[in-house]
file start_9.txt (compact mmCIF, C-alpha atoms and all ligand atoms)
# COMPACT_ATOMS: atom_id res chain seq x y z
CA MET A 1 17.73 129.58 138.95
CA LYS A 2 18.19 132.48 136.60
CA LEU A 3 16.96 132.80 133.03
CA ALA A 4 19.09 133.25 129.93
CA LEU A 5 18.16 133.70 126.29
CA VAL A 6 20.09 132.15 123.42
CA ILE A 7 20.61 134.92 120.88
CA SER A 8 20.92 134.19 117.21
CA THR A 9 23.50 136.15 115.28
CA SER A 10 24.69 136.23 111.69
CA ASP A 11 27.85 134.37 110.85
CA ALA A 12 30.66 136.47 112.29
CA ALA A 13 33.05 135.07 109.69
CA PHE A 14 31.59 136.89 106.78
CA ASP A 15 29.99 139.84 108.44
CA ALA A 16 31.38 140.99 111.77
CA LEU A 17 29.24 144.13 111.61
CA ALA A 18 26.00 142.18 111.22
CA PHE A 19 27.09 139.99 114.13
CA LYS A 20 27.56 143.07 116.28
CA GLY A 21 24.20 144.52 115.25
CA ASP A 22 22.37 141.25 115.92
CA LEU A 23 24.13 140.84 119.22
CA GLU A 24 23.29 144.33 120.41
CA ASN A 25 19.63 144.00 119.41
CA GLY A 26 19.43 140.58 121.01
CA VAL A 27 21.00 141.60 124.31
CA ARG A 28 18.78 144.69 124.53
CA MET A 29 15.67 142.64 123.80
CA ALA A 30 16.62 140.01 126.39
CA LYS A 31 17.18 142.75 128.97
CA GLU A 32 13.84 144.43 128.19
CA ILE A 33 11.96 141.16 128.61
CA GLY A 34 13.65 140.49 131.95
CA TYR A 35 16.30 137.86 131.25
CA ASP A 36 19.45 137.83 133.42
CA ALA A 37 21.83 136.60 130.76
CA VAL A 38 22.36 135.78 127.13
CA GLU A 39 23.99 132.90 125.36
CA ILE A 40 25.88 133.54 122.15
CA ALA A 41 27.01 131.32 119.32
CA VAL A 42 30.39 132.40 118.02
CA ARG A 43 31.93 130.79 114.95
CA ASP A 44 35.42 132.15 115.48
CA PRO A 45 36.08 134.15 118.65
CA LYS A 46 39.11 135.74 116.98
CA THR A 47 36.78 137.66 114.64
CA VAL A 48 34.69 139.35 117.35
CA ASN A 49 35.61 142.27 119.53
CA VAL A 50 35.63 141.29 123.20
CA THR A 51 35.91 144.89 124.42
CA ASP A 52 32.77 145.95 122.52
CA ILE A 53 30.77 143.01 123.82
CA ARG A 54 31.91 143.61 127.39
CA LYS A 55 30.93 147.28 127.14
CA LEU A 56 27.46 146.38 125.93
CA LEU A 57 26.95 143.77 128.64
CA ASP A 58 28.23 146.06 131.38
CA GLU A 59 25.97 148.87 130.22
CA LEU A 60 22.93 146.61 130.47
CA ASN A 61 24.15 144.63 133.49
CA MET A 62 23.78 141.34 131.60
CA SER A 63 25.81 138.15 131.93
CA VAL A 64 26.77 135.46 129.42
CA SER A 65 25.70 131.98 130.48
CA ALA A 66 27.46 129.97 127.79
CA ILE A 67 29.13 130.12 124.38
CA GLY A 68 27.82 128.01 121.50
CA THR A 69 30.47 126.52 119.20
CA GLY A 70 28.40 124.69 116.56
CA GLN A 71 28.89 127.27 113.80
CA GLY A 72 32.47 126.08 113.37
CA TYR A 73 31.08 122.67 112.44
CA LEU A 74 28.17 123.88 110.32
CA ALA A 75 30.14 126.50 108.37
CA GLU A 76 33.63 124.97 108.25
CA GLY A 77 33.27 121.29 109.08
CA LEU A 78 35.43 121.59 112.19
CA ASN A 79 34.91 118.67 114.58
CA MET A 80 36.74 116.93 117.40
CA VAL A 81 36.65 113.39 115.99
CA ASP A 82 37.47 113.99 112.32
CA GLU A 83 39.44 111.31 110.49
CA SER A 84 41.99 113.96 109.56
CA ASP A 85 44.43 114.95 112.30
CA GLU A 86 44.74 118.34 110.67
CA ILE A 87 41.03 119.05 111.14
CA GLN A 88 41.13 117.72 114.69
CA ASN A 89 44.04 120.04 115.50
CA LYS A 90 42.32 123.00 113.88
CA THR A 91 39.18 122.24 115.88
CA MET A 92 41.09 122.01 119.14
CA GLN A 93 42.77 125.36 118.48
CA ARG A 94 39.35 126.86 117.77
CA LEU A 95 37.95 125.42 120.99
CA ARG A 96 40.86 126.81 123.00
CA ASP A 97 39.96 130.20 121.48
CA HIS A 98 36.38 129.62 122.65
CA VAL A 99 37.67 128.87 126.16
CA ASP A 100 39.70 132.11 126.14
CA PHE A 101 36.64 134.02 124.96
CA ALA A 102 34.36 132.38 127.54
CA SER A 103 36.82 133.13 130.34
CA GLU A 104 36.36 136.85 129.66
CA PHE A 105 32.69 136.54 130.59
CA GLY A 106 32.65 133.73 133.16
CA ALA A 107 30.72 131.65 130.63
CA MET A 108 30.72 127.92 129.88
CA VAL A 109 31.73 126.42 126.53
CA ILE A 110 29.20 124.12 124.86
CA ILE A 111 30.23 120.97 123.00
CA GLY A 112 27.32 120.32 120.63
CA PHE A 113 27.76 119.77 116.89
CA ILE A 114 31.50 120.52 117.16
CA ARG A 115 32.09 117.04 118.64
CA GLY A 116 31.49 115.52 115.19
CA THR A 117 29.84 112.29 114.11
CA ALA A 118 30.74 108.59 113.98
CA LYS A 119 29.78 108.20 110.30
CA GLY A 120 30.09 104.44 110.13
CA ARG A 121 33.27 104.16 112.20
CA SER A 122 33.28 101.98 115.29
CA ARG A 123 31.88 103.48 118.42
CA LYS A 124 35.03 102.76 120.36
CA GLU A 125 37.32 104.41 117.82
CA VAL A 126 35.28 107.64 117.78
CA GLU A 127 34.79 107.71 121.53
CA ASP A 128 38.50 107.22 122.20
CA ILE A 129 39.39 110.18 119.98
CA PHE A 130 36.71 112.30 121.61
CA VAL A 131 37.81 111.41 125.15
CA LYS A 132 41.45 112.21 124.32
CA ASN A 133 40.58 115.61 122.82
CA LEU A 134 38.03 116.51 125.48
CA THR A 135 40.54 115.63 128.20
CA ASN A 136 43.09 118.00 126.65
CA LEU A 137 40.50 120.75 126.31
CA ALA A 138 39.32 120.27 129.90
CA ASP A 139 42.89 120.62 131.09
CA TYR A 140 43.33 123.87 129.17
CA ALA A 141 39.95 125.18 130.37
CA ALA A 142 40.73 124.35 134.01
CA GLY A 143 43.65 126.76 133.84
CA LYS A 144 41.22 129.47 132.76
CA ASN A 145 38.54 128.51 135.25
CA VAL A 146 36.10 127.62 132.44
CA LYS A 147 33.56 124.78 132.45
CA ILE A 148 32.93 122.63 129.39
CA VAL A 149 29.46 121.14 128.86
CA VAL A 150 28.65 118.24 126.56
CA GLU A 151 25.14 118.45 125.10
CA PRO A 152 23.37 115.25 124.01
CA LEU A 153 21.59 115.94 120.70
CA ASN A 154 18.74 113.92 119.24
CA ARG A 155 19.28 111.15 116.67
CA TYR A 156 18.13 113.26 113.73
CA GLU A 157 20.99 115.70 114.32
CA THR A 158 23.89 113.42 115.26
CA ASP A 159 24.82 109.75 115.61
CA PHE A 160 27.22 110.45 118.49
CA ILE A 161 25.97 111.14 122.07
CA ASN A 162 22.18 111.26 121.98
CA THR A 163 21.33 110.64 125.63
CA LEU A 164 22.28 111.87 129.08
CA SER A 165 23.63 108.44 129.99
CA GLU A 166 25.96 108.36 126.97
CA ALA A 167 27.28 111.80 127.89
CA GLU A 168 27.63 110.71 131.51
CA ARG A 169 29.67 107.65 130.60
CA ILE A 170 32.06 109.62 128.40
CA ILE A 171 32.46 112.39 130.96
CA GLU A 172 33.31 109.77 133.55
CA ARG A 173 36.12 108.57 131.31
CA VAL A 174 37.46 112.14 131.06
CA GLY A 175 37.18 112.49 134.83
CA ALA A 176 37.63 116.26 134.97
CA GLY A 177 35.72 118.35 137.49
CA ASN A 178 35.16 121.15 134.99
CA VAL A 179 33.38 118.93 132.43
CA GLY A 180 29.64 118.39 132.82
CA ILE A 181 26.40 117.85 130.93
CA LEU A 182 24.11 120.31 129.20
CA ALA A 183 20.60 118.83 129.18
CA ASP A 184 18.12 120.20 126.62
CA THR A 185 14.39 119.51 126.96
CA PHE A 186 13.84 119.35 123.19
CA HIS A 187 16.45 116.62 122.70
CA MET A 188 15.47 114.78 125.90
CA ASN A 189 11.85 114.72 124.79
CA ILE A 190 12.95 112.65 121.79
CA GLU A 191 15.64 110.48 123.35
CA GLU A 192 15.02 109.85 127.05
CA VAL A 193 12.77 107.15 128.47
CA ASP A 194 12.04 109.31 131.54
CA ILE A 195 13.34 112.89 131.53
CA CYS A 196 12.97 113.55 135.26
CA GLU A 197 14.45 110.22 136.34
CA GLU A 198 17.50 110.73 134.13
CA LEU A 199 17.99 114.33 135.31
CA MET A 200 17.94 113.14 138.94
CA ARG A 201 20.41 110.37 138.14
CA ILE A 202 23.01 112.67 136.52
CA LYS A 203 22.33 115.68 138.76
CA ASP A 204 25.90 115.95 140.04
CA LYS A 205 27.10 116.41 136.47
CA LEU A 206 24.26 118.70 135.35
CA TYR A 207 26.06 122.00 134.75
CA HIS A 208 23.73 123.69 132.28
CA PHE A 209 20.15 123.51 131.01
CA HIS A 210 18.36 124.42 127.76
CA VAL A 211 14.60 124.70 127.36
CA ALA A 212 12.45 124.51 124.24
CA ASP A 213 9.05 122.89 123.87
CA SER A 214 8.32 119.56 122.13
CA ASN A 215 8.19 121.31 118.74
CA ARG A 216 11.25 123.43 119.53
CA TRP A 217 8.98 126.46 119.83
CA ALA A 218 8.99 128.59 122.99
CA PRO A 219 8.16 126.72 126.21
CA GLY A 220 4.39 127.00 126.51
CA ALA A 221 3.77 126.58 122.77
CA GLY A 222 4.04 122.79 122.56
CA HIS A 223 2.98 119.78 124.61
CA LEU A 224 5.91 119.30 127.00
CA ASP A 225 4.94 119.45 130.67
CA PHE A 226 7.61 121.71 132.17
CA LYS A 227 6.28 121.61 135.71
CA PRO A 228 7.72 118.22 136.76
CA ILE A 229 10.95 119.08 134.92
CA ILE A 230 11.49 122.33 136.80
CA GLU A 231 10.43 120.59 140.01
CA THR A 232 13.13 118.01 139.36
CA LEU A 233 15.74 120.73 138.82
CA ARG A 234 14.77 122.19 142.18
CA LYS A 235 14.96 118.79 143.86
CA ALA A 236 18.30 118.15 142.19
CA GLY A 237 19.65 121.37 143.71
CA TYR A 238 20.31 122.85 140.28
CA LYS A 239 21.20 126.51 140.71
CA ASP A 240 22.59 127.57 137.38
CA TYR A 241 20.92 129.16 134.37
CA ILE A 242 17.91 127.90 132.50
CA ALA A 243 18.63 129.07 128.95
CA VAL A 244 15.79 129.42 126.46
CA GLU A 245 16.91 128.01 123.11
CA CYS A 246 13.93 127.87 120.79
CA LEU A 247 12.93 128.69 117.25
CA PRO A 248 11.53 132.22 116.83
CA LEU A 249 8.06 130.73 117.10
CA PRO A 250 5.31 131.49 117.67
CA GLY A 251 5.23 135.02 116.32
CA GLY A 252 8.91 135.85 115.82
CA ALA A 253 11.96 136.43 118.00
CA ARG A 254 10.44 138.81 120.54
CA GLU A 255 7.07 137.14 120.96
CA SER A 256 8.60 133.69 121.46
CA ALA A 257 11.23 135.02 123.89
CA GLU A 258 8.44 136.71 125.86
CA LEU A 259 6.27 133.60 125.96
CA ALA A 260 9.25 131.48 127.07
CA PHE A 261 10.12 133.98 129.80
CA ARG A 262 6.53 134.08 131.11
CA THR A 263 6.20 130.29 131.07
CA MET A 264 9.42 129.74 133.00
CA LYS A 265 8.92 132.63 135.44
CA ASP A 266 5.39 131.43 136.29
CA LEU A 267 6.65 127.92 136.98
CA LEU A 268 9.58 129.11 139.07
CA SER A 269 7.35 131.34 141.19
CA GLU A 270 4.64 128.74 141.76
CA LEU A 271 7.04 125.99 142.84
CA PRO A 272 8.42 126.00 146.39
CA SER A 273 12.08 126.96 146.41
MN MN B 1 20.40 123.02 123.17

call {"tool": "encode", "arguments": {"input": "start_9.txt", "output": "structure tokens", "more": "lines below"}}
Ligand SMILES: [Mn+2]
result
Amino acid sequence: MKLALVISTSDAAFDALAFKGDLENGVRMAKEIGYDAVEIAVRDPKTVNVTDIRKLLDELNMSVSAIGTGQGYLAEGLNMVDESDEIQNKTMQRLRDHVDFASEFGAMVIIGFIRGTAKGRSRKEVEDIFVKNLTNLADYAAGKNVKIVVEPLNRYETDFINTLSEAERIIERVGAGNVGILADTFHMNIEEVDICEELMRIKDKLYHFHVADSNRWAPGAGHLDFKPIIETLRKAGYKDYIAVECLPLPGGARESAELAFRTMKDLLSELPS
């Protein structure tokens, strides 16, 4: 298992230069600390320069584990299950752009906030729309050799797909080999009855992993016990990235990224491989 750091960047829509500056600083910091890869949130891939990013990553010998897509929802209201077909279509075009972008770096595409919310509509109605759109996206992504991961988010952030089992059921309906689950310790700590049991149960569909502590601070700064969780990943045969996605706490971006790295590295080295 290799370690990745989720890098926060300014909104590329309004300030492509700031995005580039943030990205460069973030990738350099991740490299200095010892991470193998970074994860980037991109609002609109069409506004960022792929060549520049590739140059930077090549220079530092860094990979990209996954691409975050939530900014399109937070800044523009794009989502896959909107009541308006026009917004759904716009969202799907955006996600195809994300797939194109991800394919340049061998990265996965994350379906978090961009999936949208139920907002009082029937479960079945929303799920059917989501399954239809995710199936289309999976088909497009398969042609580009890109994996799509659905991330359950806790109930305070969405009313649609909160648990691993909900994600599992929907992914089963899609039935595409390139669609899996992104499990995040912060969300699981709120939603799952038993984190390790659930991880073992969905292990064949576990394609990506996020870590933050119980308070969303760096692992090691809250009260989550990461040892049994990492042990479970080992037992499950998980070989992909563990990506640190935490608030810049304690102490700011660098200090928290360093603490997270130490916590995870210590655990990985003390557990039998
Ligand atoms: Mn996450």

call {"tool": "residues_around", "arguments": {"input": "start_9.txt", "residues": "Met264 of chain A", "least_positions_apart": "2", "cutoff": "10 Å", "atoms": "all atoms listed in the file", "output": "list of chain:residue names"}}
result
A:Lys2, A:Leu3, A:Val211, A:Pro219, A:Gly220, A:Phe226, A:Lys227, A:Ile230, A:Ile242, A:Val244, A:Leu259, A:Ala260, A:Phe261, A:Arg262, A:Asp266, A:Leu267, A:Leu268, A:Ser269

call {"tool": "atom_distance", "arguments": {"input": "start_9.txt", "atom1": "atom CA of Lys90 of chain A", "atom2": "atom CA of Ala176 of chain A"}}
result
22.6 Å

call {"tool": "closest_atom_pairs", "arguments": {"input": "start_9.txt", "of": "chain A", "to": "ligand MN 1 (chain B)", "cutoff": "9 Å", "atoms": "only C-alpha atoms and all ligand atoms", "output": "CSV"}}
result
residue,atom,partner,partner_atom,distance
A:Gly112,CA,B:MN1,MN,7.9
A:Glu151,CA,B:MN1,MN,6.9
A:Pro152,CA,B:MN1,MN,8.4
A:Leu153,CA,B:MN1,MN,7.6
A:Leu182,CA,B:MN1,MN,7.6
A:Ala183,CA,B:MN1,MN,7.3
A:Asp184,CA,B:MN1,MN,5.0
A:Thr185,CA,B:MN1,MN,7.9
A:Phe186,CA,B:MN1,MN,7.5
A:His187,CA,B:MN1,MN,7.5
A:Phe209,CA,B:MN1,MN,7.9
A:His210,CA,B:MN1,MN,5.2
A:Val211,CA,B:MN1,MN,7.3
A:Ala212,CA,B:MN1,MN,8.2
A:Ala243,CA,B:MN1,MN,8.6
A:Val244,CA,B:MN1,MN,8.5
A:Glu245,CA,B:MN1,MN,6.1
A:Cys246,CA,B:MN1,MN,8.4

call {"tool": "write_last_selection", "arguments": {"input": "start_9.txt", "atoms": "C-alpha atoms", "output": "JSON list (two decimals), in the coordinates of the input"}}
result
[["chain", "number", "residue", "atom", "x", "y", "z"],
["A", 112, "GLY", "CA", 27.32, 120.32, 120.63],
["A", 151, "GLU", "CA", 25.14, 118.45, 125.10],
["A", 152, "PRO", "CA", 23.37, 115.25, 124.01],
["A", 153, "LEU", "CA", 21.59, 115.94, 120.70],
["A", 182, "LEU", "CA", 24.11, 120.31, 129.20],
["A", 183, "ALA", "CA", 20.60, 118.83, 129.18],
["A", 184, "ASP", "CA", 18.12, 120.20, 126.62],
["A", 185, "THR", "CA", 14.39, 119.51, 126.96],
["A", 186, "PHE", "CA", 13.84, 119.35, 123.19],
["A", 187, "HIS", "CA", 16.45, 116.62, 122.70],
["A", 209, "PHE", "CA", 20.15, 123.51, 131.01],
["A", 210, "HIS", "CA", 18.36, 124.42, 127.76],
["A", 211, "VAL", "CA", 14.60, 124.70, 127.36],
["A", 212, "ALA", "CA", 12.45, 124.51, 124.24],
["A", 243, "ALA", "CA", 18.63, 129.07, 128.95],
["A", 244, "VAL", "CA", 15.79, 129.42, 126.46],
["A", 245, "GLU", "CA", 16.91, 128.01, 123.11],
["A", 246, "CYS", "CA", 13.93, 127.87, 120.79]]

call {"tool": "closest_residue", "arguments": {"input": "start_9.txt", "among": "A:Met108, A:Leu199, A:Val99, A:Val146", "to": "Ser65 of chain A", "atoms": "all atoms listed in the file"}}
result
A:Met108

call {"tool": "atom_distance", "arguments": {"input": "start_9.txt", "atom1": "atom CA of Ile67 of chain A", "atom2": "atom CA of Arg96 of chain A"}}
result
12.3 Å

call {"tool": "closest_residue", "arguments": {"input": "start_9.txt", "among": "A:Glu39, A:Tyr156, A:Gly116, A:Leu17", "to": "Ile87 of chain A", "atoms": "only C-alpha atoms"}}
result
A:Gly116

call {"tool": "closest_residue", "arguments": {"input": "start_9.txt", "among": "A:Ala37, A:Leu224, A:Met29, A:Ile111", "to": "Tyr241 of chain A", "atoms": "all atoms listed in the file"}}
result
A:Ala37

call {"tool": "atom_distance", "arguments": {"input": "start_9.txt", "atom1": "atom CA of Val179 of chain A", "atom2": "atom CA of Thr135 of chain A"}}
result
8.9 Å

call {"tool": "closest_residue", "arguments": {"input": "start_9.txt", "among": "A:Thr91, A:Ser84, A:Ser122, A:Asn133", "to": "Arg43 of chain A", "atoms": "all atoms listed in the file"}}
result
A:Thr91

call {"tool": "closest_residue", "arguments": {"input": "start_9.txt", "among": "A:Ile195, A:Ile190, A:Ile202, A:Ala141", "to": "Glu172 of chain A", "atoms": "only C-alpha atoms"}}
result
A:Ile202

call {"tool": "residues_around", "arguments": {"input": "start_9.txt", "residues": "Ala30 of chain A", "least_positions_apart": "4", "cutoff": "9 Å", "atoms": "all atoms listed in the file", "output": "ChimeraX atom specification"}}
result
/A:4-5,7,25-26,34-38,62,254,257-258
